[in-house]
>>> print(open('entry-v4.txt').read())   # compact mmCIF, C-alpha atoms
# COMPACT_ATOMS: atom_id res chain seq x y z
CA MET G 130 0.00 0.00 0.00
CA GLN G 131 2.57 2.52 1.09
CA GLN G 132 4.81 1.08 -1.66
CA LEU G 133 2.81 3.09 -4.20
CA LYS G 134 3.91 6.34 -2.62
CA LYS G 135 7.22 5.50 -1.04
CA GLN G 136 9.75 3.07 -2.46
CA ALA G 137 12.01 1.21 -0.05
CA TYR G 138 15.24 2.34 -1.73
CA THR G 139 16.23 5.57 -3.46
CA PHE G 140 17.81 6.18 -6.86
CA GLN G 141 21.04 7.18 -5.07
CA GLN G 142 21.17 3.89 -3.18
CA GLY G 143 20.82 2.10 -6.49
CA LEU G 144 23.62 4.18 -7.99
CA ARG G 145 25.89 3.31 -5.07
CA ASP G 146 25.17 -0.43 -5.29
CA GLY G 147 25.92 -0.23 -9.01
CA VAL G 148 29.45 1.16 -8.63
CA PRO G 149 31.29 -2.14 -7.96
CA ILE G 150 29.33 -3.82 -10.77
CA GLY G 151 30.21 -0.98 -13.13
CA LEU G 152 33.92 -1.22 -12.31
CA GLY G 153 33.86 -4.96 -12.96
CA TYR G 154 32.03 -4.39 -16.25
CA LEU G 155 34.64 -1.88 -17.34
CA SER G 156 37.28 -4.60 -17.50
CA VAL G 157 35.09 -7.39 -18.94
CA SER G 158 33.80 -5.15 -21.72
CA PHE G 159 37.36 -3.97 -22.44
CA GLY G 160 38.03 -7.56 -23.50
CA LEU G 161 34.87 -7.55 -25.60
CA GLY G 162 36.03 -4.37 -27.35
CA ILE G 163 39.30 -6.08 -28.23
CA ALA G 164 37.40 -9.14 -29.46
CA ALA G 165 35.13 -6.96 -31.61
CA VAL G 166 38.09 -5.34 -33.35
CA ALA G 167 39.69 -8.76 -33.81
CA ALA G 168 36.44 -9.86 -35.50
CA GLY G 169 36.93 -7.02 -37.99
CA LEU G 170 34.44 -4.51 -36.55
CA SER G 171 35.00 -0.79 -35.97
CA PRO G 172 35.09 0.67 -32.42
CA LEU G 173 31.74 2.40 -33.01
CA ILE G 174 30.07 -0.86 -34.04
CA ALA G 175 31.62 -2.50 -30.98
CA LEU G 176 30.11 0.27 -28.84
CA LEU G 177 26.74 -0.13 -30.55
CA ILE G 178 26.72 -3.88 -29.82
CA SER G 179 27.48 -3.31 -26.14
CA MET G 180 24.86 -0.57 -25.83
CA THR G 181 22.17 -2.77 -27.36
CA ASN G 182 23.00 -6.07 -25.65
CA GLU G 183 24.86 -5.76 -22.31
CA THR G 184 25.73 -9.45 -21.99
CA SER G 185 29.27 -10.85 -22.16
CA ALA G 186 28.79 -14.46 -23.29
CA GLY G 187 26.04 -13.57 -25.76
CA GLN G 188 28.08 -10.77 -27.31
CA LYS G 189 31.21 -12.92 -27.63
CA ALA G 190 29.20 -15.67 -29.33
CA GLY G 191 27.64 -13.04 -31.61
CA LEU G 192 31.06 -11.64 -32.53
CA ASP G 193 32.41 -15.12 -33.29
CA LEU G 194 29.40 -15.74 -35.50
CA ILE G 195 29.83 -12.45 -37.37
CA ALA G 196 33.51 -13.26 -37.91
CA GLU G 197 32.58 -16.72 -39.21
CA CYS G 198 30.67 -15.14 -42.14
CA LEU G 199 28.18 -17.93 -42.76
CA PRO G 200 25.58 -17.70 -45.57
CA LEU G 201 23.04 -15.07 -44.43
CA ALA G 202 20.06 -17.30 -43.58
CA GLU G 203 22.16 -19.90 -41.79
CA GLY G 204 24.06 -17.19 -39.93
CA LEU G 205 20.90 -15.43 -38.74
CA ILE G 206 19.22 -18.65 -37.62
CA THR G 207 22.36 -19.63 -35.72
CA MET G 208 22.39 -16.14 -34.19
CA VAL G 209 18.79 -16.50 -32.95
CA LEU G 210 19.45 -19.99 -31.54
CA SER G 211 22.73 -19.11 -29.85
CA GLN G 212 21.39 -15.94 -28.24
CA LEU G 213 18.33 -17.91 -27.10
CA VAL G 214 20.38 -20.64 -25.44
CA ILE G 215 23.10 -18.42 -24.01
CA ASN G 216 20.73 -15.79 -22.65
CA LEU G 217 17.96 -18.14 -21.55
CA ARG G 218 19.07 -17.66 -17.97
CA TYR G 219 17.81 -14.06 -18.10
CA SER G 220 14.30 -15.44 -18.52
CA LEU G 221 14.63 -17.35 -15.27
CA MET G 222 16.14 -14.33 -13.55
CA GLY G 223 13.32 -12.13 -14.84
CA ILE G 224 10.69 -14.52 -13.47
CA SER G 225 12.46 -14.82 -10.16
CA LEU G 226 13.15 -11.09 -9.88
CA SER G 227 9.60 -10.11 -10.75
CA GLN G 228 8.52 -11.42 -7.33
CA ARG G 229 10.89 -9.07 -5.55
CA LEU G 230 9.48 -5.89 -7.10
CA ASP G 231 7.04 -3.40 -5.61
CA ALA G 232 3.96 -1.87 -7.22
CA SER G 233 5.93 0.89 -8.95
CA PHE G 234 6.94 -1.75 -11.52
CA THR G 235 4.04 -1.30 -13.94
CA THR G 236 4.05 -3.12 -17.28
CA PRO G 237 5.69 -0.28 -19.26
CA TRP G 238 8.45 0.02 -16.64
CA ARG G 239 8.99 -3.73 -16.73
CA MET G 240 9.31 -3.61 -20.52
CA LEU G 241 11.87 -0.83 -20.24
CA LEU G 242 13.89 -2.05 -17.27
CA ALA G 243 14.01 -5.68 -18.44
CA PHE G 244 16.92 -4.52 -20.59
CA SER G 245 19.19 -4.10 -17.57
CA ILE G 246 18.74 -7.63 -16.19
CA THR G 247 22.24 -9.07 -16.02
CA ASP G 248 23.71 -11.75 -13.74
CA GLU G 249 25.19 -9.22 -11.31
CA ILE G 250 22.25 -6.80 -11.27
CA PHE G 251 19.90 -9.71 -10.73
CA ALA G 252 22.05 -10.94 -7.85
CA VAL G 253 22.08 -7.56 -6.11
CA ALA G 254 18.43 -6.59 -6.74
CA SER G 255 16.95 -9.96 -5.79
CA THR G 256 18.83 -10.17 -2.51
CA LYS G 257 17.71 -6.78 -1.18
CA ARG G 258 15.79 -7.03 2.07
CA GLU G 259 12.76 -5.05 0.95
CA LYS G 260 11.00 -5.21 -2.39
CA VAL G 261 12.70 -3.08 -5.00
CA GLY G 262 11.11 -0.12 -6.81
CA ILE G 263 11.82 1.46 -10.18
CA ARG G 264 13.96 4.27 -8.74
CA TYR G 265 16.41 1.91 -7.11
CA PHE G 266 16.47 -0.37 -10.15
CA LEU G 267 17.11 2.55 -12.51
CA GLY G 268 19.99 3.69 -10.31
CA LEU G 269 21.36 0.18 -9.99
CA GLY G 270 21.51 -0.32 -13.75
CA PHE G 271 22.98 3.07 -14.61
CA ILE G 272 26.69 2.82 -13.72
CA PRO G 273 27.06 -0.78 -14.96
CA TYR G 274 25.58 0.32 -18.31
CA VAL G 275 27.98 3.26 -18.61
CA GLY G 276 30.90 1.05 -17.55
CA TRP G 277 29.91 -1.59 -20.08
CA ALA G 278 29.78 0.91 -22.93
CA ALA G 279 32.93 2.84 -21.93
CA GLY G 280 34.98 -0.33 -21.43
CA THR G 281 33.97 -1.63 -24.84
CA LEU G 282 34.94 1.58 -26.58
CA LEU G 283 38.29 1.77 -24.75
CA GLY G 284 39.04 -1.87 -25.54
CA ALA G 285 38.12 -1.42 -29.20
CA LEU G 286 40.30 1.70 -29.50
CA ALA G 287 43.19 -0.06 -27.77
CA GLY G 288 42.71 -2.99 -30.12
CA THR G 289 42.76 -0.69 -33.14
CA PHE G 290 45.95 1.15 -32.25
CA LEU G 291 48.04 -1.49 -30.51
CA PRO G 292 50.35 -3.77 -32.52
CA GLU G 293 49.12 -7.20 -33.59
CA ILE G 294 51.10 -9.18 -31.00
CA VAL G 295 49.88 -7.07 -28.07
CA ARG G 296 46.31 -7.21 -29.38
CA GLY G 297 46.40 -11.01 -29.49
CA CYS G 298 47.62 -11.16 -25.91
CA LEU G 299 44.97 -8.69 -24.75
CA GLY G 300 42.46 -10.96 -26.47
CA LEU G 301 43.30 -13.47 -23.75
CA MET G 302 41.76 -11.09 -21.18
CA LEU G 303 38.22 -12.07 -22.04
CA TYR G 304 39.01 -15.79 -21.94
CA GLY G 305 40.90 -15.24 -18.69
CA MET G 306 37.82 -13.68 -17.17
CA PHE G 307 35.65 -16.51 -18.39
CA ILE G 308 38.05 -18.93 -16.66
CA ALA G 309 37.91 -16.81 -13.51
CA ILE G 310 34.10 -17.03 -13.58
CA ILE G 311 34.04 -20.80 -14.13
CA ILE G 312 36.71 -22.19 -11.82
CA PRO G 313 35.65 -21.09 -8.30
CA PRO G 314 32.07 -22.49 -8.55
CA ALA G 315 33.46 -25.59 -10.31
CA ARG G 316 35.67 -26.20 -7.28
CA ARG G 317 32.65 -25.86 -4.99
CA GLU G 318 29.91 -27.66 -6.88
CA ARG G 319 30.31 -30.98 -8.64
CA GLY G 320 27.43 -30.23 -11.00
CA VAL G 321 29.19 -27.12 -12.32
CA LEU G 322 32.49 -28.99 -12.61
CA PHE G 323 30.78 -31.76 -14.56
CA ALA G 324 28.93 -29.34 -16.89
CA VAL G 325 32.14 -27.41 -17.63
CA CYS G 326 34.27 -30.52 -18.27
CA LEU G 327 31.68 -32.09 -20.56
CA ALA G 328 31.20 -28.81 -22.44
CA VAL G 329 34.96 -28.41 -22.94
CA ALA G 330 35.30 -32.04 -24.09
CA LEU G 331 32.43 -31.71 -26.58
CA SER G 332 33.67 -28.36 -27.84
CA CYS G 333 37.16 -29.79 -28.45
CA ALA G 334 35.70 -32.89 -30.11
CA PHE G 335 33.57 -30.76 -32.45
CA TYR G 336 36.61 -28.66 -33.28
CA PHE G 337 39.28 -31.30 -33.81
CA ILE G 338 37.41 -34.36 -35.15
CA PRO G 339 36.96 -33.96 -38.93
CA PHE G 340 33.60 -35.80 -38.80
CA PHE G 341 32.05 -32.72 -37.14
CA ASP G 342 33.30 -30.25 -39.77
CA PHE G 343 29.75 -29.79 -41.05
CA LEU G 344 28.87 -28.01 -37.78
CA SER G 345 29.44 -24.26 -37.80
CA ASP G 346 31.28 -22.91 -34.74
CA GLY G 347 28.08 -21.22 -33.57
CA LEU G 348 26.02 -24.38 -33.83
CA ALA G 349 28.77 -26.45 -32.17
CA LEU G 350 28.68 -24.07 -29.20
CA ILE G 351 24.91 -24.41 -28.84
CA ILE G 352 25.00 -28.21 -29.02
CA ALA G 353 27.90 -28.52 -26.58
CA ALA G 354 26.23 -26.19 -24.08
CA VAL G 355 22.75 -27.72 -24.28
CA ILE G 356 23.97 -31.33 -23.97
CA SER G 357 26.32 -30.52 -21.08
CA ALA G 358 23.80 -28.47 -19.11
CA ALA G 359 21.05 -31.07 -19.67
CA VAL G 360 23.19 -34.03 -18.57
CA ALA G 361 24.47 -32.06 -15.57
CA ALA G 362 20.88 -31.15 -14.64
CA LEU G 363 19.88 -34.83 -14.77
CA LEU G 364 22.85 -36.04 -12.71
CA PHE G 365 23.14 -33.10 -10.31
CA PRO G 366 19.71 -31.46 -9.87
CA VAL G 367 19.91 -28.09 -8.11
CA PRO G 368 17.56 -27.91 -5.11
CA SER G 369 15.24 -24.90 -5.27
CA PRO G 370 16.58 -22.15 -3.02
CA ASP G 371 14.61 -21.32 0.11
CA VAL G 372 14.41 -17.65 -0.79
CA ASP G 373 12.35 -18.42 -3.85
CA GLU G 374 9.87 -20.56 -1.95
CA GLU G 375 9.52 -17.83 0.60
CA THR G 376 8.76 -15.24 -2.05
CA SER G 377 6.27 -17.43 -3.90
CA GLU G 378 4.40 -17.95 -0.63
CA ARG G 379 4.43 -14.25 -0.03
CA LYS G 380 3.08 -13.66 -3.50
CA GLU G 381 0.21 -16.09 -3.00
CA ALA G 382 -0.62 -14.42 0.28
CA THR G 383 -0.91 -11.02 -1.35
CA ILE G 384 -3.25 -12.39 -4.01
CA MET F 127 37.92 -0.19 -40.02
CA ASN F 128 38.53 -3.52 -41.74
CA GLN F 129 35.25 -5.37 -42.05
CA PRO F 130 35.45 -8.80 -43.65
CA LEU F 131 34.75 -8.46 -47.36
CA SER F 132 32.15 -11.19 -47.36
CA MET F 133 29.96 -9.34 -44.83
CA THR F 134 28.22 -6.30 -46.32
CA ALA F 135 27.09 -3.40 -44.17
CA GLY F 136 23.47 -4.44 -44.72
CA HIS F 137 24.11 -8.00 -43.57
CA LEU F 138 26.04 -6.75 -40.56
CA ALA F 139 23.12 -4.47 -39.63
CA LEU F 140 20.77 -7.46 -39.87
CA TYR F 141 23.01 -9.54 -37.61
CA LEU F 142 23.23 -6.75 -35.04
CA ALA F 143 19.47 -6.15 -35.09
CA VAL F 144 18.66 -9.85 -34.66
CA MET F 145 21.20 -10.19 -31.85
CA ALA F 146 19.87 -7.18 -29.92
CA LEU F 147 16.22 -8.06 -30.50
CA VAL F 148 16.50 -11.70 -29.38
CA THR F 149 18.53 -10.74 -26.31
CA TYR F 150 15.98 -8.07 -25.36
CA LEU F 151 12.93 -10.29 -25.88
CA ILE F 152 14.43 -13.06 -23.74
CA ARG F 153 14.75 -10.58 -20.90
CA MET F 154 11.53 -8.69 -21.50
CA ILE F 155 8.84 -11.32 -22.15
CA PRO F 156 9.14 -13.43 -18.98
CA PHE F 157 9.86 -10.34 -16.84
CA THR F 158 6.70 -8.65 -18.06
CA LEU F 159 4.31 -11.60 -18.44
CA CYS F 160 5.21 -14.43 -16.06
CA ARG F 161 4.99 -13.75 -12.39
CA LYS F 162 5.22 -17.42 -11.34
CA GLU F 163 8.26 -19.37 -10.23
CA ILE F 164 9.54 -22.15 -12.51
CA LYS F 165 8.65 -25.37 -10.69
CA SER F 166 10.50 -28.00 -12.77
CA VAL F 167 13.69 -28.98 -10.95
CA PHE F 168 15.22 -30.20 -14.21
CA PHE F 169 14.58 -26.95 -16.05
CA ARG F 170 15.81 -24.83 -13.16
CA SER F 171 18.98 -26.92 -12.94
CA PHE F 172 19.45 -26.79 -16.69
CA LEU F 173 19.24 -23.00 -16.63
CA ALA F 174 21.65 -22.84 -13.72
CA TYR F 175 24.27 -24.90 -15.58
CA VAL F 176 23.92 -23.27 -19.03
CA PRO F 177 26.17 -20.24 -18.34
CA TYR F 178 29.06 -22.40 -17.13
CA ALA F 179 28.69 -24.83 -20.02
CA VAL F 180 28.59 -21.95 -22.51
CA LEU F 181 31.67 -20.26 -21.05
CA GLY F 182 33.57 -23.56 -20.97
CA ALA F 183 32.75 -24.43 -24.57
CA MET F 184 33.43 -20.89 -25.73
CA THR F 185 36.84 -20.73 -24.04
CA PHE F 186 38.19 -24.14 -25.10
CA PRO F 187 39.74 -24.79 -27.53
CA SER F 188 39.45 -21.17 -28.85
CA ILE F 189 41.80 -19.78 -26.18
CA PHE F 190 44.70 -21.73 -27.71
CA PHE F 191 44.32 -19.84 -31.00
CA ALA F 192 43.73 -16.37 -29.54
CA THR F 193 47.34 -15.16 -29.61
CA ALA F 194 49.99 -14.99 -32.32
CA SER F 195 51.52 -18.36 -31.35
CA LEU F 196 50.53 -21.54 -29.49
CA PRO F 197 53.21 -21.35 -26.74
CA SER F 198 52.08 -17.90 -25.58
CA ALA F 199 48.45 -19.05 -25.56
CA ILE F 200 49.36 -22.09 -23.47
CA ALA F 201 51.34 -19.90 -21.05
CA GLY F 202 48.38 -17.50 -20.73
CA THR F 203 45.94 -20.36 -20.20
CA ALA F 204 48.12 -21.98 -17.53
CA VAL F 205 48.45 -18.70 -15.63
CA ALA F 206 44.70 -18.06 -15.90
CA LEU F 207 43.81 -21.53 -14.61
CA THR F 208 46.26 -21.23 -11.71
CA LEU F 209 45.13 -17.76 -10.64
CA ALA F 210 41.46 -18.71 -10.96
CA PHE F 211 42.05 -21.85 -8.91
CA PHE F 212 43.31 -19.64 -6.09
CA ARG F 213 40.20 -17.47 -6.48
CA ARG F 214 41.90 -14.30 -7.69
CA SER F 215 39.61 -11.53 -8.99
CA LEU F 216 38.41 -11.41 -12.61
CA LEU F 217 40.74 -8.54 -13.41
CA THR F 218 43.79 -10.23 -11.86
CA VAL F 219 43.19 -13.42 -13.82
CA ALA F 220 42.62 -11.51 -17.05
CA VAL F 221 45.68 -9.30 -16.71
CA GLY F 222 47.81 -12.23 -15.55
CA ALA F 223 46.81 -14.33 -18.56
CA SER F 224 47.51 -11.66 -21.16
CA GLY F 225 50.66 -10.53 -19.35
CA ALA F 226 52.10 -14.04 -19.34
CA ALA F 227 51.29 -14.49 -23.02
CA LEU F 228 52.83 -11.14 -23.92
CA ALA F 229 55.97 -11.87 -21.89
CA LEU F 230 56.44 -15.15 -23.76
CA GLU F 231 55.84 -13.49 -27.15
CA LEU F 232 58.46 -10.85 -26.41
CA PHE F 233 60.86 -13.47 -25.07
CA MET F 234 60.52 -15.50 -28.29
CA MET F 235 61.08 -12.38 -30.38
CA ILE F 236 64.36 -11.69 -28.59
CA LEU F 237 65.63 -15.28 -29.04
>>> encode(input="entry-v4.txt", output="structure tokens")
Amino acid sequence: MQQLKKQAYTFQQGLRDGVPIGLGYLSVSFGLGIAAVAAGLSPLIALLISMTNETSAGQKAGLDLIAECLPLAEGLITMVLSQLVINLRYSLMGISLSQRLDASFTTPWRMLLAFSITDEIFAVASTKREKVGIRYFLGLGFIPYVGWAAGTLLGALAGTFLPEIVRGCLGLMLYGMFIAIIIPPARRERGVLFAVCLAVALSCAFYFIPFFDFLSDGLALIIAAVISAAVAALLFPVPSPDVDEETSERKEATI
Amino acid sequence: MNQPLSMTAGHLALYLAVMALVTYLIRMIPFTLCRKEIKSVFFRSFLAYVPYAVLGAMTFPSIFFATASLPSAIAGTAVALTLAFFRRSLLTVAVGASGAALALELFMMIL
């Protein structure tokens, strides 16, 4: 009731919570900028991609696909499929997050703010004590978005002006960050470890075994990811977190 | 600056539009329409594992061909794996990987 007038958190609180995310994004997107230039794109196109997507794995897969230069129809279909699979987790996050929002989140605001759902923003917004309003969410998304765009542009410019050898080595930054994202949870959870190992094995098999040459790189990525995640989900089901059950009960109570 | 010759500006624009649109719709549709939790344990688990599987498959074996030569890529990968194993930050791992690769490249140039 009071949520309609007063939101639990201010725009400034959102801005503040977004600072560490934005700093992290600055470095990840720097690697994406380098990758975009390596794929033959201009810094402005790299910036455009980051400003219209804001997702690291999806953008990297998209860049690889653009660089692969498949026939148009095949390339576009692969693009749709790969973005669907890679970014499917945002659907789950959106559903989960939508139960932690207050009444200020009307349908038009949801349509607008859905754009800023990323792994980190989801993690911060959905673990706030009180339900989150549009002011806080706008603030939370702002600095990460700026960091994402600025990092991409800087990376792309660096990639354009630095010599070939340095550029190749900087290209390792993005892969290094991917490794840094994967390894700690893989040490902790056997399901993650299994999914990663199977995905790497399949990806290498698709790449090195001549029999699989008919698969484009984009399609090989999709198949490796879907098979690995599905088998891991069968062998190591993730128990539903208590927080989610708590919120779904709360939601039913309010109805 | 140097777009591949086989990709025209029109095709590139199509690719970029499709990429942005699909990514947006995946975020927007469930966020706006569904307000229920996903109940299926399998589907939830699948979605939880997808990011790690994607990153794993995207990194290997591509990482070995990212630099100018295989030895520098292997050096970078080894440093990244080691630093990540000891839970260093994203930036540390990234800088360490590219730094190791660059050091080896320069070393091989001098030899």
>>> residues_around(input="entry-v4.txt", residues="Met302 (chain G)", least_positions_apart="6", cutoff="6 Å", atoms="all atoms listed in the file", output="PyMOL selection string")
(chain G and resi 160) or (chain F and resi 220+224)
>>> write_last_selection(input="entry-v4.txt", atoms="C-alpha atoms", output="short mmCIF file (atom, residue, chain, number, x, y, z; two decimals), in the coordinates of the input")
data_model
loop_
_atom_site.label_atom_id
_atom_site.label_comp_id
_atom_site.auth_asym_id
_atom_site.auth_seq_id
_atom_site.Cartn_x
_atom_site.Cartn_y
_atom_site.Cartn_z
CA GLY G 160 38.03 -7.56 -23.50
CA ALA F 220 42.62 -11.51 -17.05
CA SER F 224 47.51 -11.66 -21.16
#
>>> axis_aligned_box(input="entry-v4.txt", around="region 133-142 of chain G", padding_each_side="8 Å", output="lines of an AutoDock Vina configuration file")
center_x = 12.0
center_y = 4.2
center_z = -3.5
size_x = 34.4
size_y = 22.0
size_z = 22.8
>>> residues_around(input="entry-v4.txt", residues="region 135-151 of chain F", least_positions_apart="5", cutoff="7 Å", atoms="all atoms listed in the file", output="list of chain:residue names")
G:Ile178, G:Thr181, G:Asn182, G:Leu205, G:Met208, G:Val209, G:Gln212, G:Leu213, G:Asn216, G:Phe244
>>> write_last_selection(input="entry-v4.txt", atoms="C-alpha atoms", output="PDB file, in the coordinates of the input")
ATOM      1  CA  ILE G 178      26.720  -3.880 -29.820  1.00  0.00           C
ATOM      2  CA  THR G 181      22.170  -2.770 -27.360  1.00  0.00           C
ATOM      3  CA  ASN G 182      23.000  -6.070 -25.650  1.00  0.00           C
ATOM      4  CA  LEU G 205      20.900 -15.430 -38.740  1.00  0.00           C
ATOM      5  CA  MET G 208      22.390 -16.140 -34.190  1.00  0.00           C
ATOM      6  CA  VAL G 209      18.790 -16.500 -32.950  1.00  0.00           C
ATOM      7  CA  GLN G 212      21.390 -15.940 -28.240  1.00  0.00           C
ATOM      8  CA  LEU G 213      18.330 -17.910 -27.100  1.00  0.00           C
ATOM      9  CA  ASN G 216      20.730 -15.790 -22.650  1.00  0.00           C
ATOM     10  CA  PHE G 244      16.920  -4.520 -20.590  1.00  0.00           C
TER      11      PHE G 244
END
>>> interface_residues(input="entry-v4.txt", of="chain F", to="chain G", cutoff="7 Å", atoms="all atoms listed in the file", output="JSON list (two decimals) with C-alpha atoms, in the frame of the given file")
[["chain", "number", "residue", "atom", "x", "y", "z"],
["F", 127, "MET", "CA", 37.92, -0.19, -40.02],
["F", 128, "ASN", "CA", 38.53, -3.52, -41.74],
["F", 129, "GLN", "CA", 35.25, -5.37, -42.05],
["F", 130, "PRO", "CA", 35.45, -8.80, -43.65],
["F", 132, "SER", "CA", 32.15, -11.19, -47.36],
["F", 133, "MET", "CA", 29.96, -9.34, -44.83],
["F", 141, "TYR", "CA", 23.01, -9.54, -37.61],
["F", 142, "LEU", "CA", 23.23, -6.75, -35.04],
["F", 144, "VAL", "CA", 18.66, -9.85, -34.66],
["F", 145, "MET", "CA", 21.20, -10.19, -31.85],
["F", 146, "ALA", "CA", 19.87, -7.18, -29.92],
["F", 148, "VAL", "CA", 16.50, -11.70, -29.38],
["F", 149, "THR", "CA", 18.53, -10.74, -26.31],
["F", 150, "TYR", "CA", 15.98, -8.07, -25.36],
["F", 152, "ILE", "CA", 14.43, -13.06, -23.74],
["F", 153, "ARG", "CA", 14.75, -10.58, -20.90],
["F", 154, "MET", "CA", 11.53, -8.69, -21.50],
["F", 156, "PRO", "CA", 9.14, -13.43, -18.98],
["F", 157, "PHE", "CA", 9.86, -10.34, -16.84],
["F", 158, "THR", "CA", 6.70, -8.65, -18.06],
["F", 160, "CYS", "CA", 5.21, -14.43, -16.06],
["F", 161, "ARG", "CA", 4.99, -13.75, -12.39],
["F", 162, "LYS", "CA", 5.22, -17.42, -11.34],
["F", 163, "GLU", "CA", 8.26, -19.37, -10.23],
["F", 167, "VAL", "CA", 13.69, -28.98, -10.95],
["F", 168, "PHE", "CA", 15.22, -30.20, -14.21],
["F", 171, "SER", "CA", 18.98, -26.92, -12.94],
["F", 172, "PHE", "CA", 19.45, -26.79, -16.69],
["F", 173, "LEU", "CA", 19.24, -23.00, -16.63],
["F", 175, "TYR", "CA", 24.27, -24.90, -15.58],
["F", 176, "VAL", "CA", 23.92, -23.27, -19.03],
["F", 177, "PRO", "CA", 26.17, -20.24, -18.34],
["F", 178, "TYR", "CA", 29.06, -22.40, -17.13],
["F", 179, "ALA", "CA", 28.69, -24.83, -20.02],
["F", 180, "VAL", "CA", 28.59, -21.95, -22.51],
["F", 181, "LEU", "CA", 31.67, -20.26, -21.05],
["F", 182, "GLY", "CA", 33.57, -23.56, -20.97],
["F", 183, "ALA", "CA", 32.75, -24.43, -24.57],
["F", 184, "MET", "CA", 33.43, -20.89, -25.73],
["F", 185, "THR", "CA", 36.84, -20.73, -24.04],
["F", 186, "PHE", "CA", 38.19, -24.14, -25.10],
["F", 187, "PRO", "CA", 39.74, -24.79, -27.53],
["F", 189, "ILE", "CA", 41.80, -19.78, -26.18],
["F", 192, "ALA", "CA", 43.73, -16.37, -29.54],
["F", 193, "THR", "CA", 47.34, -15.16, -29.61],
["F", 194, "ALA", "CA", 49.99, -14.99, -32.32],
["F", 206, "ALA", "CA", 44.70, -18.06, -15.90],
["F", 207, "LEU", "CA", 43.81, -21.53, -14.61],
["F", 210, "ALA", "CA", 41.46, -18.71, -10.96],
["F", 211, "PHE", "CA", 42.05, -21.85, -8.91],
["F", 213, "ARG", "CA", 40.20, -17.47, -6.48],
["F", 216, "LEU", "CA", 38.41, -11.41, -12.61],
["F", 217, "LEU", "CA", 40.74, -8.54, -13.41],
["F", 219, "VAL", "CA", 43.19, -13.42, -13.82],
["F", 220, "ALA", "CA", 42.62, -11.51, -17.05],
["F", 221, "VAL", "CA", 45.68, -9.30, -16.71],
["F", 223, "ALA", "CA", 46.81, -14.33, -18.56],
["F", 224, "SER", "CA", 47.51, -11.66, -21.16],
["F", 227, "ALA", "CA", 51.29, -14.49, -23.02],
["F", 228, "LEU", "CA", 52.83, -11.14, -23.92]]
>>> residues_around(input="entry-v4.txt", residues="Tyr138 (chain G)", least_positions_apart="6", cutoff="10 Å", atoms="all atoms listed in the file", output="JSON list (two decimals) with C-alpha atoms, in the frame of the given file")
[["chain", "number", "residue", "atom", "x", "y", "z"],
["G", 257, "LYS", "CA", 17.71, -6.78, -1.18],
["G", 259, "GLU", "CA", 12.76, -5.05, 0.95],
["G", 260, "LYS", "CA", 11.00, -5.21, -2.39],
["G", 261, "VAL", "CA", 12.70, -3.08, -5.00],
["G", 262, "GLY", "CA", 11.11, -0.12, -6.81],
["G", 263, "ILE", "CA", 11.82, 1.46, -10.18],
["G", 264, "ARG", "CA", 13.96, 4.27, -8.74],
["G", 265, "TYR", "CA", 16.41, 1.91, -7.11],
["G", 266, "PHE", "CA", 16.47, -0.37, -10.15],
["G", 268, "GLY", "CA", 19.99, 3.69, -10.31]]
>>> residues_around(input="entry-v4.txt", residues="Ile150 (chain G)", least_positions_apart="4", cutoff="10 Å", atoms="all atoms listed in the file", output="list in words")
Arg145, Asp146, Tyr154, Leu155, Glu249, Ile250, Val253, Leu269, Gly270, Ile272, Pro273, Tyr274, Gly276 and Trp277 of chain G
>>> residues_around(input="entry-v4.txt", residues="Met234 (chain F)", least_positions_apart="6", cutoff="10 Å", atoms="all atoms listed in the file", output="list of chain:residue names")
F:Ser195, F:Pro197, F:Ser198, F:Leu228
>>> atom_distance(input="entry-v4.txt", atom1="CA of Gly280 (chain G)", atom2="CA of Phe159 (chain G)")
4.5 Å
>>> atom_distance(input="entry-v4.txt", atom1="CA of Ser158 (chain G)", atom2="CA of Ala201 (chain F)")
22.9 Å
>>> atom_distance(input="entry-v4.txt", atom1="CA of Phe341 (chain G)", atom2="CA of Leu196 (chain F)")
22.9 Å
>>> decode(input="entry-v4.txt", residues="region 231-251 of chain G", atoms="C-alpha atoms", output="PDB file, in the first residue's frame")
ATOM      1  CA  ASP G 231       7.044  -3.397  -5.611  1.00  0.00           C
ATOM      2  CA  ALA G 232       3.964  -1.871  -7.218  1.00  0.00           C
ATOM      3  CA  SER G 233       5.935   0.887  -8.948  1.00  0.00           C
ATOM      4  CA  PHE G 234       6.937  -1.754 -11.521  1.00  0.00           C
ATOM      5  CA  THR G 235       4.043  -1.298 -13.942  1.00  0.00           C
ATOM      6  CA  THR G 236       4.047  -3.121 -17.275  1.00  0.00           C
ATOM      7  CA  PRO G 237       5.694  -0.277 -19.264  1.00  0.00           C
ATOM      8  CA  TRP G 238       8.451   0.021 -16.643  1.00  0.00           C
ATOM      9  CA  ARG G 239       8.988  -3.727 -16.735  1.00  0.00           C
ATOM     10  CA  MET G 240       9.313  -3.612 -20.519  1.00  0.00           C
ATOM     11  CA  LEU G 241      11.874  -0.834 -20.244  1.00  0.00           C
ATOM     12  CA  LEU G 242      13.894  -2.046 -17.271  1.00  0.00           C
ATOM     13  CA  ALA G 243      14.012  -5.675 -18.443  1.00  0.00           C
ATOM     14  CA  PHE G 244      16.918  -4.517 -20.587  1.00  0.00           C
ATOM     15  CA  SER G 245      19.185  -4.096 -17.569  1.00  0.00           C
ATOM     16  CA  ILE G 246      18.738  -7.626 -16.190  1.00  0.00           C
ATOM     17  CA  THR G 247      22.245  -9.074 -16.016  1.00  0.00           C
ATOM     18  CA  ASP G 248      23.715 -11.752 -13.740  1.00  0.00           C
ATOM     19  CA  GLU G 249      25.190  -9.218 -11.311  1.00  0.00           C
ATOM     20  CA  ILE G 250      22.253  -6.798 -11.271  1.00  0.00           C
ATOM     21  CA  PHE G 251      19.901  -9.706 -10.725  1.00  0.00           C
TER      22      PHE G 251
END
